[in-house]
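> I'm passing along my_file-v6.txt; it holds compact mmCIF, C-alpha atoms and all ligand atoms.
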```
# COMPACT_ATOMS: atom_id res chain seq x y z
CA MET C 1 -10.88 106.10 -36.81
CA PRO C 2 -11.17 102.78 -38.66
CA GLU C 3 -7.99 100.68 -38.73
CA LEU C 4 -6.72 98.63 -41.67
CA VAL C 5 -6.18 94.91 -41.15
CA SER C 6 -4.60 92.76 -43.86
CA ASN C 7 -4.00 89.04 -44.12
CA SER C 8 -1.69 86.56 -45.85
CA LEU C 9 -4.28 86.22 -48.65
CA GLY C 10 -3.54 89.83 -49.58
CA VAL C 11 -6.98 91.08 -48.55
CA ARG C 12 -7.46 94.27 -46.57
CA CYS C 13 -10.39 95.14 -44.40
CA GLU C 14 -11.41 97.89 -42.01
CA ALA C 15 -11.82 97.31 -38.29
CA ASP C 16 -13.69 99.80 -36.12
CA SER C 17 -10.68 99.88 -33.78
CA LEU C 18 -7.54 97.91 -33.00
CA VAL C 19 -5.49 97.39 -29.85
CA ARG C 20 -2.12 95.65 -29.53
CA ALA C 21 -1.72 94.27 -26.01
CA HIS C 22 1.99 94.16 -25.10
CA SER C 23 1.35 93.01 -21.54
CA LYS C 24 -1.33 91.31 -19.47
CA ARG C 25 -2.23 94.70 -18.03
CA GLU C 26 -2.96 96.05 -21.52
CA LEU C 27 -4.88 92.90 -22.36
CA LEU C 28 -7.06 93.19 -19.25
CA ALA C 29 -7.71 96.86 -20.02
CA ALA C 30 -8.93 95.89 -23.51
CA LEU C 31 -11.17 93.14 -22.09
CA GLU C 32 -12.61 95.57 -19.53
CA ARG C 33 -13.34 98.06 -22.31
CA VAL C 34 -15.25 95.38 -24.22
CA GLN C 35 -17.27 94.47 -21.11
CA ARG C 36 -18.06 98.15 -20.56
CA THR C 37 -18.99 99.12 -24.12
CA GLY C 38 -20.49 95.82 -25.30
CA GLU C 39 -18.60 96.10 -28.61
CA PRO C 40 -17.77 92.84 -30.40
CA LEU C 41 -14.23 91.52 -29.88
CA THR C 42 -12.09 89.71 -32.46
CA VAL C 43 -8.71 88.29 -31.43
CA LEU C 44 -6.17 88.08 -34.23
CA GLY C 45 -2.54 87.04 -34.53
CA GLU C 46 -0.67 87.52 -37.82
CA CYS C 47 -3.74 86.77 -39.97
CA SER C 48 -2.14 83.86 -41.84
CA ASN C 49 -5.14 81.59 -41.41
CA THR C 50 -8.05 83.90 -42.07
CA VAL C 51 -10.37 84.92 -44.86
CA LEU C 52 -11.15 88.59 -44.26
CA LEU C 53 -14.43 90.09 -45.39
CA ASP C 54 -14.74 93.86 -45.91
CA ARG C 55 -15.25 95.02 -42.35
CA ILE C 56 -14.69 93.86 -38.76
CA GLU C 57 -17.19 95.32 -36.34
CA GLY C 58 -15.93 96.36 -32.92
CA LEU C 59 -12.45 95.89 -31.51
CA VAL C 60 -9.63 93.82 -32.98
CA LEU C 61 -7.26 92.69 -30.24
CA ARG C 62 -3.76 91.56 -31.13
CA PRO C 63 -1.92 89.87 -28.26
CA ALA C 64 1.66 91.18 -28.59
CA MET C 65 3.29 89.77 -25.44
CA ARG C 66 6.82 88.72 -26.31
CA ASP C 67 8.03 87.28 -22.99
CA LEU C 68 10.27 84.25 -23.45
CA GLU C 69 11.27 82.20 -20.42
CA TRP C 70 13.67 79.30 -20.97
CA CYS C 71 13.45 76.91 -18.03
CA GLU C 72 16.03 74.53 -16.53
CA ASP C 73 13.94 71.46 -17.31
CA ASP C 74 14.22 71.90 -21.11
CA SER C 75 11.00 73.81 -21.52
CA VAL C 76 10.01 77.31 -22.54
CA VAL C 77 7.09 79.62 -21.85
CA ALA C 78 6.62 81.80 -24.94
CA GLY C 79 4.38 84.86 -25.20
CA ALA C 80 1.52 84.88 -27.70
CA GLY C 81 2.98 87.75 -29.74
CA ILE C 82 6.18 85.97 -30.74
CA SER C 83 6.27 84.64 -34.30
CA TRP C 84 6.04 80.88 -34.30
CA ASP C 85 9.07 80.37 -36.52
CA GLU C 86 11.13 82.71 -34.36
CA LEU C 87 10.45 80.33 -31.46
CA VAL C 88 11.35 77.31 -33.61
CA ARG C 89 14.68 78.87 -34.61
CA ALA C 90 15.49 79.96 -31.05
CA SER C 91 14.82 76.42 -29.75
CA LEU C 92 17.09 74.89 -32.40
CA ASP C 93 19.82 77.43 -31.58
CA ARG C 94 19.66 76.19 -27.99
CA GLY C 95 20.10 72.61 -29.14
CA PHE C 96 16.54 71.53 -28.38
CA CYS C 97 14.58 69.00 -30.37
CA GLY C 98 10.79 68.96 -30.75
CA LEU C 99 9.77 71.81 -33.06
CA GLU C 100 11.90 70.95 -36.13
CA ASN C 101 9.02 69.44 -38.16
CA LEU C 102 6.97 72.56 -37.45
CA SER C 103 9.57 74.86 -39.04
CA ALA C 104 8.48 77.78 -41.23
CA ILE C 105 4.78 77.70 -40.34
CA PRO C 106 3.63 81.33 -40.52
CA GLY C 107 1.76 82.97 -37.66
CA SER C 108 2.05 83.73 -33.97
CA VAL C 109 2.72 81.53 -30.95
CA GLY C 110 -0.70 82.52 -29.55
CA ALA C 111 -2.56 81.13 -32.55
CA ALA C 112 -0.67 77.81 -32.59
CA PRO C 113 -3.01 76.00 -30.14
CA PHE C 114 -6.12 77.37 -31.89
CA GLN C 115 -5.88 74.81 -34.67
CA ASN C 116 -3.17 72.62 -33.09
CA ILE C 117 -0.72 73.46 -35.89
CA GLY C 118 0.85 70.46 -37.52
CA ALA C 119 3.15 69.45 -40.35
CA TYR C 120 5.34 66.56 -41.46
CA GLY C 121 4.22 64.13 -38.79
CA ARG C 122 4.17 66.43 -35.76
CA GLU C 123 1.50 68.52 -34.09
CA LEU C 124 1.78 71.17 -31.43
CA ALA C 125 -0.03 68.84 -28.97
CA ASP C 126 2.94 66.41 -29.15
CA VAL C 127 5.28 68.91 -27.52
CA LEU C 128 2.94 71.06 -25.49
CA ARG C 129 2.92 71.21 -21.69
CA SER C 130 0.27 73.87 -21.19
CA VAL C 131 -1.61 76.75 -22.75
CA HIS C 132 -1.92 79.95 -20.68
CA VAL C 133 -5.22 81.66 -21.32
CA VAL C 134 -7.22 84.60 -20.03
CA ALA C 135 -11.00 84.19 -19.96
CA ARG C 136 -12.52 86.99 -22.02
CA GLU C 137 -15.49 87.49 -19.72
CA THR C 138 -13.83 87.40 -16.30
CA GLY C 139 -10.20 88.33 -17.03
CA HIS C 140 -9.10 85.30 -14.98
CA GLU C 141 -5.99 83.44 -16.04
CA HIS C 142 -5.91 79.64 -16.40
CA ARG C 143 -3.30 77.08 -17.40
CA LEU C 144 -4.74 74.30 -19.49
CA ARG C 145 -3.02 70.94 -19.89
CA PRO C 146 -3.07 69.37 -23.37
CA ASP C 147 -5.75 66.88 -22.27
CA GLU C 148 -7.95 69.87 -21.34
CA CYS C 149 -7.65 71.47 -24.80
CA ALA C 150 -9.67 68.95 -26.90
CA PHE C 151 -6.91 68.85 -29.49
CA GLY C 152 -7.61 67.07 -32.75
CA TYR C 153 -6.45 67.31 -36.33
CA ARG C 154 -6.31 71.10 -36.95
CA ASP C 155 -8.72 71.48 -34.08
CA SER C 156 -9.00 72.39 -30.41
CA ARG C 157 -11.57 73.63 -27.89
CA PHE C 158 -10.44 77.19 -28.79
CA LYS C 159 -11.61 76.62 -32.36
CA SER C 160 -14.71 74.57 -31.49
CA ILE C 161 -16.66 74.41 -28.22
CA ASP C 162 -14.91 77.37 -26.57
CA ARG C 163 -14.60 79.65 -29.54
CA ASP C 164 -14.44 83.27 -28.32
CA ARG C 165 -14.10 82.25 -24.66
CA PHE C 166 -10.34 82.67 -24.12
CA VAL C 167 -7.42 84.77 -25.25
CA ILE C 168 -4.29 82.63 -25.45
CA VAL C 169 -1.49 84.61 -23.80
CA ALA C 170 1.38 82.09 -23.74
CA VAL C 171 2.31 78.55 -24.65
CA GLU C 172 4.55 76.20 -22.65
CA ILE C 173 6.60 73.75 -24.73
CA GLU C 174 8.50 70.74 -23.40
CA PHE C 175 11.53 69.84 -25.53
CA ASN C 176 13.30 66.53 -26.10
CA ARG C 177 10.10 64.65 -25.22
CA ARG C 178 9.88 62.72 -28.48
CA PRO C 179 12.49 61.17 -30.76
CA ILE C 180 13.24 62.93 -34.02
CA ASP C 181 10.49 62.13 -36.52
CA VAL C 182 11.42 61.40 -40.12
CA SER C 183 8.36 59.27 -40.85
CA TYR C 184 7.34 61.57 -43.72
CA ARG C 185 8.82 60.25 -46.92
CA ASP C 186 9.63 63.72 -48.28
CA VAL C 187 11.63 64.49 -45.15
CA ALA C 188 13.48 61.15 -45.15
CA ASP C 189 14.25 61.48 -48.89
CA SER C 190 15.51 65.01 -48.45
CA LEU C 191 17.92 63.91 -45.70
CA GLU C 192 19.40 61.34 -48.12
CA GLY C 193 20.84 59.13 -45.44
CA SER C 194 22.51 61.93 -43.45
CA SER C 195 21.96 61.75 -39.70
CA PRO C 196 18.54 63.06 -38.74
CA THR C 197 19.44 65.78 -36.23
CA ALA C 198 16.84 68.41 -35.33
CA PRO C 199 18.59 71.17 -37.36
CA ALA C 200 18.89 68.81 -40.37
CA VAL C 201 15.16 67.97 -40.20
CA SER C 202 14.35 71.67 -39.90
CA ARG C 203 16.46 72.46 -42.98
CA ALA C 204 14.78 69.62 -44.90
CA VAL C 205 11.30 70.83 -43.93
CA ARG C 206 12.15 74.42 -44.93
CA GLU C 207 13.47 73.22 -48.27
CA ILE C 208 10.36 71.08 -48.99
CA ARG C 209 7.99 73.87 -47.98
CA GLY C 210 9.89 76.38 -50.10
CA ARG C 211 9.52 74.07 -53.09
CA LYS C 212 5.85 73.15 -52.64
CA LEU C 213 4.18 76.19 -51.13
CA PRO C 214 3.81 79.58 -52.80
CA ASP C 215 5.57 82.49 -51.15
CA ILE C 216 2.94 84.69 -49.47
CA VAL C 217 4.56 87.88 -50.74
CA ASP C 218 4.40 86.95 -54.44
CA HIS C 219 1.34 84.69 -54.27
CA PRO C 220 -0.80 85.62 -51.26
CA ASN C 221 -2.42 82.55 -49.67
CA ALA C 222 -3.53 81.01 -46.37
CA GLY C 223 -1.72 77.68 -46.61
CA SER C 224 -4.06 74.68 -46.88
CA PHE C 225 -7.52 75.99 -47.63
CA PHE C 226 -9.24 72.68 -46.87
CA LYS C 227 -8.77 70.05 -44.19
CA ASN C 228 -8.12 66.46 -45.18
CA PRO C 229 -11.52 64.77 -44.73
CA VAL C 230 -12.13 61.63 -42.68
CA LEU C 231 -14.34 58.94 -44.23
CA PRO C 232 -15.88 55.74 -42.87
CA THR C 233 -13.96 52.74 -44.25
CA ASP C 234 -16.80 51.67 -46.58
CA ALA C 235 -17.03 55.18 -48.07
CA PHE C 236 -13.26 55.12 -48.55
CA ASP C 237 -13.46 51.76 -50.34
CA ALA C 238 -16.20 53.12 -52.63
CA LEU C 239 -14.12 56.24 -53.35
CA ASN C 240 -11.12 54.08 -54.19
CA GLU C 241 -13.16 52.41 -56.90
CA GLN C 242 -13.68 55.85 -58.47
CA ILE C 243 -10.13 57.19 -58.09
CA ASP C 244 -6.82 55.89 -56.87
CA ILE C 245 -6.39 57.64 -53.53
CA ALA C 246 -4.24 57.02 -50.47
CA GLY C 247 -5.85 56.63 -47.05
CA PHE C 248 -4.47 56.84 -43.53
CA GLU C 249 -6.30 54.95 -40.83
CA VAL C 250 -7.42 57.16 -37.98
CA GLY C 251 -8.99 54.96 -35.34
CA ARG C 252 -11.40 52.13 -36.04
CA ASP C 253 -13.34 52.20 -39.29
CA ALA C 254 -12.18 55.69 -40.29
CA VAL C 255 -9.72 56.81 -42.93
CA ARG C 256 -8.27 60.26 -43.61
CA VAL C 257 -7.82 61.07 -47.29
CA PRO C 258 -5.82 63.85 -48.95
CA ALA C 259 -8.13 66.68 -50.02
CA ALA C 260 -5.44 67.73 -52.52
CA ARG C 261 -5.95 64.47 -54.45
CA LEU C 262 -9.73 65.04 -54.64
CA ILE C 263 -9.31 68.64 -55.84
CA ASP C 264 -6.66 67.62 -58.35
CA SER C 265 -8.63 64.73 -59.81
CA ALA C 266 -11.72 66.96 -60.09
CA GLY C 267 -9.60 69.05 -62.47
CA TRP C 268 -9.05 72.13 -60.30
CA LYS C 269 -5.26 72.21 -60.34
CA GLU C 270 -4.12 75.61 -61.69
CA ARG C 271 -7.74 76.44 -62.50
CA GLY C 272 -9.11 79.85 -61.56
CA ASN C 273 -10.03 83.25 -62.82
CA SER C 274 -8.24 86.58 -63.03
CA ARG C 275 -8.45 87.02 -59.24
CA VAL C 276 -8.32 83.62 -57.55
CA ALA C 277 -6.75 80.29 -58.48
CA VAL C 278 -5.63 76.90 -57.19
CA TRP C 279 -1.84 76.78 -56.79
CA ARG C 280 -0.08 74.71 -59.47
CA ASP C 281 2.13 72.64 -57.16
CA GLN C 282 -0.30 72.17 -54.27
CA PRO C 283 -4.04 71.99 -55.01
CA LEU C 284 -4.89 72.56 -51.33
CA VAL C 285 -3.70 76.14 -51.64
CA ILE C 286 -5.83 78.95 -53.05
CA VAL C 287 -3.91 82.06 -54.16
CA ASN C 288 -5.06 85.63 -54.64
CA ARG C 289 -3.88 86.61 -58.11
CA GLY C 290 -4.58 90.24 -57.32
CA GLY C 291 -7.58 92.28 -56.34
CA ALA C 292 -9.65 89.45 -54.85
CA ARG C 293 -11.95 90.34 -51.96
CA GLY C 294 -12.71 87.85 -49.22
CA ILE C 295 -16.06 87.10 -50.82
CA ASP C 296 -14.37 86.21 -54.16
CA ILE C 297 -12.16 83.71 -52.34
CA LEU C 298 -15.11 82.18 -50.48
CA ASP C 299 -17.15 81.91 -53.72
CA PHE C 300 -14.26 80.21 -55.50
CA ALA C 301 -13.71 77.80 -52.59
CA ARG C 302 -17.44 76.99 -52.55
CA ARG C 303 -17.31 76.04 -56.23
CA ILE C 304 -14.46 73.62 -55.53
CA ARG C 305 -16.29 72.18 -52.51
CA ASP C 306 -19.54 71.71 -54.44
CA ASP C 307 -17.77 70.08 -57.38
CA VAL C 308 -15.83 67.65 -55.16
CA PHE C 309 -19.05 66.75 -53.33
CA GLU C 310 -20.99 66.17 -56.56
CA ARG C 311 -18.27 63.95 -58.01
CA TYR C 312 -17.15 62.00 -54.94
CA GLY C 313 -19.75 62.60 -52.22
CA VAL C 314 -17.02 63.97 -49.94
CA ARG C 315 -17.55 67.22 -48.03
CA LEU C 316 -14.49 69.44 -47.76
CA GLU C 317 -14.19 71.64 -44.70
CA GLN C 318 -12.57 75.06 -44.87
CA GLU C 319 -9.48 75.42 -42.67
CA PRO C 320 -8.97 79.23 -42.43
CA VAL C 321 -11.40 81.16 -40.26
CA THR C 322 -13.73 83.64 -41.95
CA ILE C 323 -13.59 86.97 -40.13
CA GLY C 324 -15.78 90.07 -40.54
CA VAL C 325 -18.84 91.08 -42.54
CA ASN C 326 -19.51 92.55 -45.97
C1 LIG C 401 1.94 79.63 -46.51
C2 LIG C 401 1.23 79.07 -45.30
C3 LIG C 401 1.55 77.81 -44.84
C4 LIG C 401 0.89 77.28 -43.71
N1 LIG C 401 1.25 76.04 -43.28
C5 LIG C 401 0.65 75.51 -42.19
C6 LIG C 401 1.03 74.20 -41.72
O1 LIG C 401 1.91 73.56 -42.25
N2 LIG C 401 0.37 73.72 -40.63
C7 LIG C 401 -0.60 74.44 -39.99
O2 LIG C 401 -1.14 73.93 -38.99
N3 LIG C 401 -0.97 75.66 -40.41
C8 LIG C 401 -0.37 76.22 -41.48
N4 LIG C 401 -0.75 77.46 -41.94
C9 LIG C 401 -1.81 78.19 -41.23
C10 LIG C 401 -1.26 79.20 -40.19
O3 LIG C 401 0.12 79.38 -40.36
C11 LIG C 401 -1.52 78.73 -38.77
O4 LIG C 401 -2.88 78.45 -38.57
C12 LIG C 401 -1.10 79.78 -37.73
O5 LIG C 401 -1.15 79.22 -36.44
C13 LIG C 401 -1.95 81.06 -37.77
O6 LIG C 401 -1.34 82.01 -36.93
P1 LIG C 401 -1.79 83.52 -36.96
O7 LIG C 401 -1.10 84.23 -35.85
O8 LIG C 401 -1.58 84.07 -38.31
O9 LIG C 401 -3.34 83.40 -36.63
P2 LIG C 401 -4.56 84.22 -37.26
O10 LIG C 401 -4.70 83.85 -38.70
O11 LIG C 401 -4.42 85.66 -36.95
O12 LIG C 401 -5.78 83.63 -36.45
C14 LIG C 401 -6.26 82.34 -36.69
C15 LIG C 401 -7.36 82.03 -35.66
O13 LIG C 401 -6.75 81.93 -34.39
C16 LIG C 401 -7.38 82.81 -33.46
N5 LIG C 401 -6.34 83.38 -32.60
C17 LIG C 401 -5.17 83.93 -33.02
N6 LIG C 401 -4.44 84.30 -31.97
C18 LIG C 401 -5.14 83.99 -30.86
C19 LIG C 401 -4.91 84.13 -29.46
N7 LIG C 401 -3.78 84.67 -28.97
N8 LIG C 401 -5.88 83.71 -28.61
C20 LIG C 401 -7.03 83.17 -29.08
N9 LIG C 401 -7.30 82.99 -30.38
C21 LIG C 401 -6.36 83.40 -31.26
C22 LIG C 401 -8.04 83.90 -34.30
O14 LIG C 401 -9.19 84.41 -33.66
C23 LIG C 401 -8.41 83.14 -35.57
O15 LIG C 401 -9.68 82.56 -35.43
C24 LIG C 401 -0.11 78.02 -43.06
C25 LIG C 401 -0.42 79.32 -43.52
C26 LIG C 401 0.24 79.84 -44.63
C27 LIG C 401 -0.09 81.23 -45.08
```
If you took the structure in this file and wrote it as structure tokens, what would it be?


Amino acid sequence: MPELVSNSLGVRCEADSLVRAHSKRELLAALERVQRTGEPLTVLGECSNTVLLDRIEGLVLRPAMRDLEWCEDDSVVAGAGISWDELVRASLDRGFCGLENLSAIPGSVGAAPFQNIGAYGRELADVLRSVHVVARETGHEHRLRPDECAFGYRDSRFKSIDRDRFVIVAVEIEFNRRPIDVSYRDVADSLEGSSPTAPAVSRAVREIRGRKLPDIVDHPNAGSFFKNPVLPTDAFDALNEQIDIAGFEVGRDAVRVPAARLIDSAGWKERGNSRVAVWRDQPLVIVNRGGARGIDILDFARRIRDDVFERYGVRLEQEPVTIGVN
């Protein structure tokens, strides 16, 4: 019997079959089944960073392990099936600091290392001690240190070189490793001089996100649809002669620029059709106005990408992962 899978963009698709693995035993059984039958395997969390096409061939595996082990040395090992924000709230309730800037990011703990989730000056890699994975082919478990995960901006080995090699089963976070970060102007402004405790930063981040990002229930979306591109310094200087755009140095001779500014100045803000549109308050976000299929969203995103490239010579890269076939 086909199973329905839906995502935060409000798109539904059919999977040939679906298994929720509540334990490592169930996970290993699913991996053995895949080895035996040769069916394709797709690992999914809460589907908040995907573009779903009409059908997923083979087995969809959802890691649903919810073990949570708080350790004496101010760390936690959290199962892949826990919601990320549930972990953030639980850590704040225990008086820990480290995850406050990453408040209210949708999705599961297991998906967090996949694109090294980040927001308001902090990334998962800043607070991570290890990622517990099971190799899909052998069923063997490994613990990977952050320096073994090839983390980058919205990137990791799980998303790049080792795509489809591992299932992430747990994440180990080390708290109180870094001072509270209020380097983002929005966060500092929102605190208005009050003391920057972890709960206060979390509240500020939730308030800013609530103001800027569309609610996924009323306006289905996948968060940022494009990554902020990195340009060589000379290309950045040339771009700055065309439009006034901020740049953040990332290493020698490279500058990251806000994709939102490029999309906005190309005239895409609020533009769209009856099914898909760019969100009015945040041009990085594409919303499903109702009835859009995955292919409609991809077509719309391609038009934005092509237009930005023609005008500014900058290639935008899609952030959500496209899953399935038509
Ligand atoms: C409104 C909104 C705001 C957002 N804001 C942010 C933000 O501020 N910062 C940010 O970084 N992201 C943001 N995102 C994106 C999203 O929240 C994150 O990428 C999140 O980690 C996705 O989790 P998920 O469980 O939904 O993963 P899914 O969408 O289900 O999967 C994403 C990818 O991860 C892989 N994957 C998932 N679980 C596992 C696992 N256990 N093992 C191996 N691979 C796995 C999947 O195969 C897929 O390729 C936002 C999304 C939305 C909708």

> Using all atoms listed in the file, what are the residues with an atom within 8 Å of ligand LIG 401 (chain C), set out as an MDAnalysis selection string?

chainID C and resid 7:9 42:50 62:63 80:81 83:84 102 104:120 123 133 154 158:159 164 166:170 213:216 220:224 320:323

> Taking only C-alpha atoms into account, name the residue in C:Arg275, C:Glu172, C:Ser195, C:Leu59 that is nearest to C:Thr37.

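Checking each of C:Arg275, C:Glu172, C:Ser195, C:Leu59 against C:Thr37, counting only C-alpha atoms, the winner is C:Leu59.
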
> For a quick check of understanding, using all atoms listed in the file, which of C:Ala198, C:Trp268, C:Cys13, C:Glu148 has the smallest distance to C:Ser91?

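So, comparing all the options, the nearest one is C:Ala198.
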
> Tell me which of C:Pro146, C:Gly313, C:Gly98, C:Pro196 sits closest to C:Ala125, counting all atoms listed in the file.

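Of C:Pro146, C:Gly313, C:Gly98, C:Pro196, the one nearest C:Ala125 is C:Pro146, counting all atoms listed in the file.
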
> As an exercise, work out the distance from atom CA of C:Leu53 to atom CA of C:Ala15 in Å and give it to one decimal place.

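Straight-line distance from atom CA of C:Leu53 to atom CA of C:Ala15 works out to 10.5 Å.
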
> Please compute the atom CA of C:Asn176-atom CA of C:Phe96 distance, one decimal, in Å.

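Pair atom CA of C:Asn176 / atom CA of C:Phe96 returns 6.4 Å.
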
> At what distance in Å, to one decimal, does atom CA of C:Ala78 lie from atom CA of C:Thr138?

22.9 Å

> Calculate, to one decimal in Å, the centre and edge lengths of the box along x, y and z of the file that holds all listed atoms of stretch 99-113 of chain C with 5 Å of margin on each side, and present them as JSON.


```
{"center_x": 4.4, "center_y": 76.6, "center_z": -35.4, "size_x": 24.9, "size_y": 24.3, "size_z": 21.7}
```

> Taking into account all atoms listed in the file, which residue in the set C:Leu316, C:Ser103, C:Val88, C:Arg165 is nearest to C:Glu207?

C:Ser103

> With all atoms listed in the file as the basis for distance, which of C:Asp93, C:Asp244, C:Asp253, C:Glu72 is at the shortest distance from C:Ser265?

C:Asp244

> May I ask which of the residues C:Val187, C:Cys71, C:Leu99, C:Leu41 is the closest one to C:Glu137, counting all atoms listed in the file?

C:Leu41

> Would you kindly return, as a PDB file with C-alpha atoms, in the coordinates of the input, each protein, DNA or RNA residue with an atom no farther than 12 Å from any atom of C:Gly267, considering only C-alpha atoms and excluding same-chain residues fewer than 4 positions away?


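Okay, result_13.pdb is ready:
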```pdb
ATOM      1  CA  ALA C 260      -5.440  67.730 -52.520  1.00  0.00           C
ATOM      2  CA  ARG C 261      -5.950  64.470 -54.450  1.00  0.00           C
ATOM      3  CA  LEU C 262      -9.730  65.040 -54.640  1.00  0.00           C
ATOM      4  CA  ILE C 263      -9.310  68.640 -55.840  1.00  0.00           C
ATOM      5  CA  ARG C 271      -7.740  76.440 -62.500  1.00  0.00           C
ATOM      6  CA  GLY C 272      -9.110  79.850 -61.560  1.00  0.00           C
ATOM      7  CA  VAL C 278      -5.630  76.900 -57.190  1.00  0.00           C
ATOM      8  CA  ARG C 280      -0.080  74.710 -59.470  1.00  0.00           C
ATOM      9  CA  PRO C 283      -4.040  71.990 -55.010  1.00  0.00           C
ATOM     10  CA  ILE C 304     -14.460  73.620 -55.530  1.00  0.00           C
ATOM     11  CA  ASP C 307     -17.770  70.080 -57.380  1.00  0.00           C
ATOM     12  CA  VAL C 308     -15.830  67.650 -55.160  1.00  0.00           C
ATOM     13  CA  ARG C 311     -18.270  63.950 -58.010  1.00  0.00           C
TER      14      ARG C 311
END
```

> Per residue of stretch 80-150 of chain C within 7 Å of stretch 199-204 of chain C, what are the shortest atom pair and its distance in Å to one decimal, counting all atoms listed in the file, with rows by chain and residue number, as a Markdown table?


```
| residue | atom | partner | partner_atom | distance |
| --- | --- | --- | --- | --- |
| C:Leu92 | CA | C:Pro199 | CA | 6.4 |
| C:Glu100 | CA | C:Ser202 | CA | 4.6 |
| C:Asn101 | CA | C:Ser202 | CA | 6.0 |
| C:Ser103 | CA | C:Ser202 | CA | 5.8 |
```

> Select all residues near (-17.1, 60.7, -42.9) (cut-off 10 Å, inclusive, file coordinates), counting only C-alpha atoms, and output them as a short mmCIF file (atom, residue, chain, number, x, y, z; two decimals) with C-alpha atoms, in the frame of the given file.


```
data_model
loop_
_atom_site.label_atom_id
_atom_site.label_comp_id
_atom_site.auth_asym_id
_atom_site.auth_seq_id
_atom_site.Cartn_x
_atom_site.Cartn_y
_atom_site.Cartn_z
CA PRO C 229 -11.52 64.77 -44.73
CA VAL C 230 -12.13 61.63 -42.68
CA LEU C 231 -14.34 58.94 -44.23
CA PRO C 232 -15.88 55.74 -42.87
CA THR C 233 -13.96 52.74 -44.25
CA ASP C 234 -16.80 51.67 -46.58
CA ALA C 235 -17.03 55.18 -48.07
CA PHE C 236 -13.26 55.12 -48.55
CA ASP C 253 -13.34 52.20 -39.29
CA ALA C 254 -12.18 55.69 -40.29
CA VAL C 255 -9.72 56.81 -42.93
CA ARG C 256 -8.27 60.26 -43.61
CA GLY C 313 -19.75 62.60 -52.22
CA VAL C 314 -17.02 63.97 -49.94
CA ARG C 315 -17.55 67.22 -48.03
#
```

> Skipping near chain neighbours, those fewer than 5 positions away, what residues fall within 6 Å of C:Gly79 using all atoms listed in the file, listed as a short mmCIF file (atom, residue, chain, number, x, y, z; two decimals) with C-alpha atoms, keeping the file's coordinate frame?


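Saved result, result_5.cif, follows:
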```
data_model
loop_
_atom_site.label_atom_id
_atom_site.label_comp_id
_atom_site.auth_asym_id
_atom_site.auth_seq_id
_atom_site.Cartn_x
_atom_site.Cartn_y
_atom_site.Cartn_z
CA MET C 65 3.29 89.77 -25.44
CA ARG C 66 6.82 88.72 -26.31
CA ASP C 67 8.03 87.28 -22.99
CA ALA C 170 1.38 82.09 -23.74
#
```

> Please write C-alpha atoms of stretch 226-255 of chain C, from the structure given just now, as a PDB file, in the first residue's frame.


```
ATOM      1  CA  PHE C 226      18.321  29.708  -1.582  1.00  0.00           C
ATOM      2  CA  LYS C 227      21.711  29.783   0.101  1.00  0.00           C
ATOM      3  CA  ASN C 228      23.585  33.046   0.395  1.00  0.00           C
ATOM      4  CA  PRO C 229      26.174  32.870  -2.414  1.00  0.00           C
ATOM      5  CA  VAL C 230      29.909  33.389  -1.958  1.00  0.00           C
ATOM      6  CA  LEU C 231      31.680  35.597  -4.514  1.00  0.00           C
ATOM      7  CA  PRO C 232      35.345  36.351  -5.197  1.00  0.00           C
ATOM      8  CA  THR C 233      36.146  39.871  -3.946  1.00  0.00           C
ATOM      9  CA  ASP C 234      36.458  41.329  -7.461  1.00  0.00           C
ATOM     10  CA  ALA C 235      33.044  39.931  -8.450  1.00  0.00           C
ATOM     11  CA  PHE C 236      31.619  41.417  -5.251  1.00  0.00           C
ATOM     12  CA  ASP C 237      33.113  44.825  -6.079  1.00  0.00           C
ATOM     13  CA  ALA C 238      31.606  44.662  -9.585  1.00  0.00           C
ATOM     14  CA  LEU C 239      28.211  43.673  -8.144  1.00  0.00           C
ATOM     15  CA  ASN C 240      28.375  46.585  -5.713  1.00  0.00           C
ATOM     16  CA  GLU C 241      28.647  48.943  -8.654  1.00  0.00           C
ATOM     17  CA  GLN C 242      25.329  47.558  -9.932  1.00  0.00           C
ATOM     18  CA  ILE C 243      23.445  47.453  -6.620  1.00  0.00           C
ATOM     19  CA  ASP C 244      24.097  48.475  -3.061  1.00  0.00           C
ATOM     20  CA  ILE C 245      24.637  45.155  -1.299  1.00  0.00           C
ATOM     21  CA  ALA C 246      26.231  44.126   1.983  1.00  0.00           C
ATOM     22  CA  GLY C 247      29.055  41.579   2.009  1.00  0.00           C
ATOM     23  CA  PHE C 248      30.557  39.452   4.772  1.00  0.00           C
ATOM     24  CA  GLU C 249      34.130  38.335   4.351  1.00  0.00           C
ATOM     25  CA  VAL C 250      34.530  34.582   4.482  1.00  0.00           C
ATOM     26  CA  GLY C 251      38.222  33.795   4.291  1.00  0.00           C
ATOM     27  CA  ARG C 252      40.663  35.445   1.926  1.00  0.00           C
ATOM     28  CA  ASP C 253      39.294  37.042  -1.228  1.00  0.00           C
ATOM     29  CA  ALA C 254      35.752  35.729  -0.751  1.00  0.00           C
ATOM     30  CA  VAL C 255      32.583  37.509   0.290  1.00  0.00           C
TER      31      VAL C 255
END
```
